[in-house]
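S.K.: Dumping the structure here so I can ask a few things about it.
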Amino acid sequence: MGMSRVCRVSWALGSVAVWGLAGTLAAQTASPSPKAATAQKLTTTPGRVRPPDVLKVPTPDDLLRGAYGPYRANNDLLSYKLKLRVDPEAKTIAGSNTVRFRMLQPGQKIQLELTPLLTIDSVTFDGKPAKFERDATEKSRTFYVEFPRELKKDSVDEITIAYHGQPVTQGRFGCFSFDKDKAGKPWITTACEEEGASIWWPNKDQWKDEPQEGMELDIAVPNGLTDVSNGRFVASKDLGDGYTEWQWQVHYPINNYDVALNIGDYQHWNDVHVNKETGEKTTLDYYALPEDLEKAKVQFAQVPEMLDAYEHYFGEYPFDKDGYKLIQVPYAGMEHQSAVAYGNHFENGYYGRDWTGVGISMKFDFIIIHESGHEWFGNAITAADKSDMWIHEGWTTYLEVLYVEYRWGKADAIRYVNGLKPKVQNERPIITPRDTNAEPPQDQYFKGALMLNTLRSVIGDDKKWFADIHDFYQAFKYKTIMTEEVEAWWNKRTGMNLTPFFDEYLRHKDLPVLELKAGAKAGEVEYRWKADEAAFAMPIEIGDPQHWTKVTPVTTTWKAMPWTGTLEEVKVASDFYYVNVVKE
């Protein structure tokens with residue numbers, strides 16, 4: 001999906017200013033080496049040795065799925081209706097998905113996806129069988145539906161795809177897993193962000209287009225089991241054949257990988273959260289297995305204060321019509337929209353471990369705070385291409401920082417975000433090639449959050465910063481966006497050209513380096529940026545931590561400022577700006 005890049009011009013900022021930051025945090029002469037420790041994916045088992053982060057070569061199927069081709073672009077999703085029967089004994093599924101869409105231009109064919117490991121039984125259009133054909137690309141999930149006539153622009157149409165088969169367990173979380181609980185009862189879950197939702201249900205498997213009117217899920221499971229899915233619970237119906245159908249209604253746009261089944265012997269309790277600033281009410285529904293019910297009730301009590309924090313910074317919970325659910329699962333966790341998956345063993349930290357290593361993570365349950373934060377960034381705002389997934393993960397990791405600040409103050413928040421530095425690898429750019437279905441590196445989490453902490457310091461006014469992030473979120477709520485739109489919004493909002501800033505951190509692997517040297521004249525120190533973006537001219541605070549001097553280095557020439565001390569005594573506010581520092 002091609003987009004024009006915003007042109008690059010110089011920063012509209014003053015060259016030198018004195019600017020003091022609140023707090024008594026110690027300055028550093030250089031940030032820790034990005035190779036100081038290995039990073040882990042937020043949703044993988046702690047302690048796992050991480051292999052080198054190398055961009056994989058896209059397969060032909062990746063290129064087909066990654067591109068927003070003509071038979072995707074000619075239509076706009078309106079809704080899905082997924083009707084599915086799950087057989088835990090045979091480990092099979094069978095059902096249908098009705099896809100409702102509006103044609104954006106005249107056409108006779110559309111593109112959808114379903115793994116070839118599942119069988120398409122039929123496609124129905126206007127009550128009659130429609131022609132469909134799988135793409136010939138090896139292992140391709142793509143299939144095309146061809147209509148008996150050309151569909152007119154703006155016409156609203158629907159098709160129903162009937163299918164069945166045995167989902168294959170794969171990926172980090174199994175994608176579609178048939179497990180059993182400690183009592184030997186079925187425990188079935190889905191989680192397929194990386195693998196794609198077409199592993200288990202037919203859909204338009206991309207990120208740009210979401211069903212604007214939401215979706216319906218009617219999931220039939222054996223009697224005695226409960227299915228918890230996205231959206232608002234509508235009803236359960238005994239089908240009279242040993243199965244019960246659980247009906248859910250999603251009232252908002254939803255990305256495909258967020259659609260979830262959680263099937264088990266779930267125990268349910270509920271509550272209501274009231275927004276402290278607006279009085280808006282959000283229903284809270286919790287689900288846990290019987291043996292973990294009491295532990296879950298204690299641990300899940302962290303939810304209301306989490307909502308308080310995020311609503312304080314960004315506005316009301318974005319899915320009030322559907323409510324908020326937290327559901328026990330057998331893997332770490334996942335941000336399924338309005339049905340957040342939780343598997344952190346009912347412990348604070350991440351699997352009981354201090355995630356950032358600075359003594360703060362053990363104060364809260366990492367999975368509750370992180371995965372729920374995705375309701376704002378990832379679910380309400382979604383990247384239009386997987387390449388720009390930092391919009392989900394970088395922002396949500398920064399939401400952890402904001403949660404810490406809301407609970408324990410700015411000083412702890414700055415300690416927490418700086419605790420992420422050893423996890424950054426700088427092995428490849430955060431933004432991957434567009435239209436290739438390529439997974440971004442883990443740096444999208446940690447480096448992304450550190451970049452946003454840096455942006456806060458560039459803006460230099462916390463009151464303005466909090467208003468900015470609130471309005472940024474509100475501007476793009478319920479939309480799919482790309483980095484260019486993020487850059488354009490912040491450029492207009494601040495009156496600065498921040499495009500080189502975003503591009504330096506997101507489109508290049510290395511950090512900007514602040515070079516310092518003794519001045520050519522006595523009583524001066526000289527400085528400049530070494531960066532991949534020639535127009536990178538980020539302001540930064542250097543000098544004496546008691547009264548920082550804010551300077552604006554450039555990449556093309558050395559600048560100087562008065563300094564009576566030694567070069568070694570020049571400090572850099574690298575708790576607030578994520579850069580490397582070299583003194584010559």
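Ligands are numbered from 1 in the order shown, chains are lettered A, B, ... in the order of the structure tokens, and residues start at 1 in each chain.
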Would you pick out the contacts of range 555-572 of chain A at 6 Å or less, using only C-alpha atoms, so that residues sharing its chain but fewer than 4 positions from it are not included, and give the list as a ChimeraX atom specification?

M.R.: /A:28-29,518,523-530,542-543

S.K.: Could the residues in this selection be saved with C-alpha atoms as a CSV table (one decimal), in the first residue's frame?

M.R.:
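Contents of part-v8.csv, as written:
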```csv
chain,number,residue,atom,x,y,z
A,28,GLN,CA,23.7,10.1,32.4
A,29,THR,CA,26.6,10.7,30.1
A,518,ALA,CA,35.8,20.4,23.6
A,523,GLY,CA,35.1,28.1,27.7
A,524,GLU,CA,32.9,26.3,25.1
A,525,VAL,CA,31.7,22.8,24.3
A,526,GLU,CA,30.7,21.8,20.8
A,527,TYR,CA,27.9,19.4,19.8
A,528,ARG,CA,26.2,17.9,16.7
A,529,TRP,CA,24.0,14.9,15.7
A,530,LYS,CA,25.2,11.9,13.9
A,542,ILE,CA,22.8,19.0,28.2
A,543,GLY,CA,25.2,20.6,30.6
```

S.K.: Just asking: which residues within range 164-218 of chain A are strand (DSSP E or B) according to DSSP, as a list in words?

M.R.: His164, Gly165, Cys175, Phe176, Ser177, Phe178, Asp179, Lys180, Pro186, Trp187, Ile188, Thr189, Thr190, Ala191, Asn203, Met215, Glu216, Leu217 and Asp218 of chain A

S.K.: As a list of chain:residue names, please: the residues near Ile368 in chain A (cut-off 9 Å, only C-alpha atoms, same-chain neighbours under 5 positions excluded).

M.R.: A:Phe300, A:Gln302, A:Val303, A:Met306, A:Leu326, A:Gly333, A:Val340, A:Ala341, A:Tyr342, A:Asn344, A:Gly373

S.K.: Would you list, as a VMD selection string, the residues of range 196-399 of chain A that end up in helix (DSSP H, G or I) under DSSP run on this structure's backbone?

M.R.: chain A and resid 197 to 199 256 to 258 290 to 314 361 to 363 366 to 373 386 to 388 390 to 399

S.K.: Would you please work out which residue, of A:Thr397, A:Tyr416, A:Thr142, A:Asn379, is nearest to Lys363 in chain A when using only C-alpha atoms?

M.R.: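 Closest to Lys363 in chain A of all the choices is A:Tyr416.
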
S.K.: Go through A:Pro539, A:Gly231, A:Pro290, A:Pro202 one by one, measure the shortest atom-to-atom distance of each to Gly214 in chain A using only C-alpha atoms, and give the residue with the smallest value.

M.R.: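 For Gly214 in chain A, the nearest of the candidates is A:Gly231.
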
S.K.: What gap, in Å, lies between CA of Lys281 in chain A and CA of Tyr317 in chain A?

M.R.: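 Atom-to-atom, CA of Lys281 in chain A to CA of Tyr317 in chain A, that is 9.2 Å.
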
S.K.: Select, from A:His312, A:Arg507, A:His470, A:Lys517, the residue with the minimum atom-to-atom distance to Trp390 in chain A, counting only C-alpha atoms.

M.R.: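 Looking at the shortest contact to Trp390 in chain A, the residue is A:Arg507.
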
S.K.: Could you list, as a PyMOL selection string, every residue within 9 Å of Ser122 in chain A, counting only C-alpha atoms and ignoring same-chain residues fewer than 6 positions away?

M.R.: chain A and resi 129-132+160-163

S.K.: If you keep all heavy atoms, can you produce a file of those selected residues as a short mmCIF file (atom, residue, chain, number, x, y, z; two decimals), in the first residue's frame?

M.R.:
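Saved the output as again-v6.cif:
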```cif
data_model
loop_
_atom_site.label_atom_id
_atom_site.label_comp_id
_atom_site.auth_asym_id
_atom_site.auth_seq_id
_atom_site.Cartn_x
_atom_site.Cartn_y
_atom_site.Cartn_z
N PRO A 129 -25.57 -20.76 -5.22
CA PRO A 129 -24.13 -21.02 -5.18
C PRO A 129 -23.37 -20.02 -6.06
O PRO A 129 -23.81 -19.69 -7.16
CB PRO A 129 -24.00 -22.44 -5.73
CG PRO A 129 -25.33 -23.06 -5.51
CD PRO A 129 -26.33 -21.95 -5.68
N ALA A 130 -22.26 -19.53 -5.53
CA ALA A 130 -21.40 -18.62 -6.27
C ALA A 130 -20.08 -19.32 -6.59
O ALA A 130 -19.63 -20.20 -5.86
CB ALA A 130 -21.14 -17.35 -5.46
N LYS A 131 -19.48 -18.90 -7.67
CA LYS A 131 -18.21 -19.49 -8.08
C LYS A 131 -17.08 -18.97 -7.19
O LYS A 131 -17.00 -17.78 -6.90
CB LYS A 131 -17.92 -19.13 -9.54
CG LYS A 131 -16.64 -19.73 -10.08
CD LYS A 131 -16.42 -19.32 -11.53
CE LYS A 131 -15.10 -19.88 -12.06
NZ LYS A 131 -14.86 -19.45 -13.47
N PHE A 132 -16.24 -19.88 -6.72
CA PHE A 132 -15.05 -19.46 -5.97
C PHE A 132 -13.87 -20.30 -6.42
O PHE A 132 -14.02 -21.44 -6.88
CB PHE A 132 -15.26 -19.58 -4.45
CG PHE A 132 -15.43 -21.00 -3.96
CD1 PHE A 132 -14.33 -21.73 -3.51
CD2 PHE A 132 -16.68 -21.60 -3.93
CE1 PHE A 132 -14.48 -23.02 -3.05
CE2 PHE A 132 -16.83 -22.91 -3.48
CZ PHE A 132 -15.74 -23.62 -3.03
N THR A 160 -22.12 -15.83 1.90
CA THR A 160 -21.93 -16.74 3.04
C THR A 160 -20.99 -17.85 2.62
O THR A 160 -21.23 -18.53 1.62
CB THR A 160 -23.27 -17.33 3.51
OG1 THR A 160 -24.13 -16.27 3.94
CG2 THR A 160 -23.06 -18.30 4.66
N ILE A 161 -19.90 -18.00 3.38
CA ILE A 161 -18.92 -19.05 3.12
C ILE A 161 -19.12 -20.15 4.15
O ILE A 161 -18.97 -19.91 5.36
CB ILE A 161 -17.48 -18.51 3.22
CG1 ILE A 161 -17.28 -17.31 2.29
CG2 ILE A 161 -16.46 -19.61 2.91
CD1 ILE A 161 -17.16 -16.00 3.02
N ALA A 162 -19.47 -21.33 3.70
CA ALA A 162 -19.59 -22.49 4.60
C ALA A 162 -18.28 -23.27 4.54
O ALA A 162 -17.69 -23.44 3.46
CB ALA A 162 -20.75 -23.38 4.17
N TYR A 163 -17.80 -23.74 5.69
CA TYR A 163 -16.51 -24.41 5.73
C TYR A 163 -16.45 -25.37 6.91
O TYR A 163 -17.29 -25.35 7.80
CB TYR A 163 -15.38 -23.38 5.81
CG TYR A 163 -15.23 -22.71 7.17
CD1 TYR A 163 -14.15 -23.00 7.99
CD2 TYR A 163 -16.16 -21.77 7.63
CE1 TYR A 163 -13.99 -22.38 9.23
CE2 TYR A 163 -16.01 -21.16 8.85
CZ TYR A 163 -14.93 -21.46 9.66
OH TYR A 163 -14.77 -20.86 10.89
#
```

S.K.: Have a look at A:Pro433, A:Gly357, A:Gly409, A:Gly519 and name the one nearest to Pro58 in chain A; count only C-alpha atoms.

M.R.: A:Pro433

S.K.: My list of candidates is A:Ile110, A:Ile469, A:Leu506, A:Leu455. Which is closest to Pro440 in chain A when distances are computed with only C-alpha atoms?

M.R.: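 The shortest atom-to-atom distance to Pro440 in chain A comes from A:Leu506.
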
S.K.: Using CA of Tyr68 in chain A and CA of Met103 in chain A as the two end points, give the distance in Å to one decimal.

M.R.: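 Interatomic distance, CA of Tyr68 in chain A to CA of Met103 in chain A: 15.1 Å.
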
S.K.: Find the residues around Glu393 in chain A up to 12 Å (only C-alpha atoms counted), leave out those fewer than 6 positions away in its own chain, and share them as a CSV table (one decimal) with C-alpha atoms, in the first residue's frame.

M.R.:
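The file below, result-v9.csv, is the result:
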```
chain,number,residue,atom,x,y,z
A,41,LYS,CA,8.6,-10.6,23.2
A,42,LEU,CA,6.1,-9.3,25.7
A,43,THR,CA,4.0,-12.4,25.2
A,334,MET,CA,-3.7,-11.1,24.2
A,335,GLU,CA,-5.6,-7.9,23.5
A,370,HIS,CA,-0.5,-4.0,29.0
A,371,GLU,CA,-3.1,-6.1,27.2
A,372,SER,CA,-5.9,-3.8,28.4
A,373,GLY,CA,-4.0,-0.8,27.2
A,374,HIS,CA,-4.4,-2.2,23.7
A,375,GLU,CA,-8.1,-1.4,23.9
A,376,TRP,CA,-7.0,2.2,23.2
A,377,PHE,CA,-4.0,1.5,20.9
A,378,GLY,CA,-4.4,-1.6,18.7
A,379,ASN,CA,-8.1,-2.0,18.9
A,381,ILE,CA,-6.8,2.7,16.8
A,382,THR,CA,-5.3,0.1,14.5
A,383,ALA,CA,-2.4,0.2,12.1
A,386,LYS,CA,1.4,-4.9,9.9
A,387,SER,CA,4.5,-2.8,9.0
A,399,LEU,CA,0.6,3.4,28.3
A,400,GLU,CA,2.3,1.1,30.9
A,430,ILE,CA,10.9,-0.8,13.4
A,440,PRO,CA,8.2,-5.8,12.9
A,441,PRO,CA,11.0,-6.4,15.4
A,442,GLN,CA,10.6,-6.5,19.1
A,443,ASP,CA,12.0,-3.0,19.3
A,444,GLN,CA,8.5,-1.7,18.3
A,445,TYR,CA,7.6,-2.2,22.0
A,446,PHE,CA,10.6,-0.9,23.9
A,447,LYS,CA,12.2,1.6,21.5
A,448,GLY,CA,8.7,2.8,20.5
A,449,ALA,CA,7.9,3.7,24.1
A,450,LEU,CA,11.3,5.3,24.6
A,452,LEU,CA,7.4,8.6,22.9
```

S.K.: What does the distance from CA of Glu133 in chain A to CA of Leu82 in chain A come to in Å, to one decimal?

M.R.: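 Between these atoms lies a distance of 21.1 Å.
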
S.K.: Leaving out range 195-198 of chain A and any residue of its chain fewer than 6 positions from it, which residues lie within 8 Å of it when counting only C-alpha atoms, given as number ranges by chain?

M.R.: A: 113-115, 141, 171, 175, 205, 256-257, 259

S.K.: May I ask which of the residues A:Thr494, A:Gln166, A:Gln267, A:Ser457 is the closest one to Ala296 in chain A, counting only C-alpha atoms?

M.R.: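 Using only C-alpha atoms, Ala296 in chain A sits closest to A:Gln267.
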
S.K.: Near Gly343 in chain A, counting only C-alpha atoms, which residues have an atom at most 9 Å away, once you skip same-chain residues fewer than 2 positions from it, shown as a VMD selection string?

M.R.: chain A and resid 327 to 334 341 345 to 346 351 367
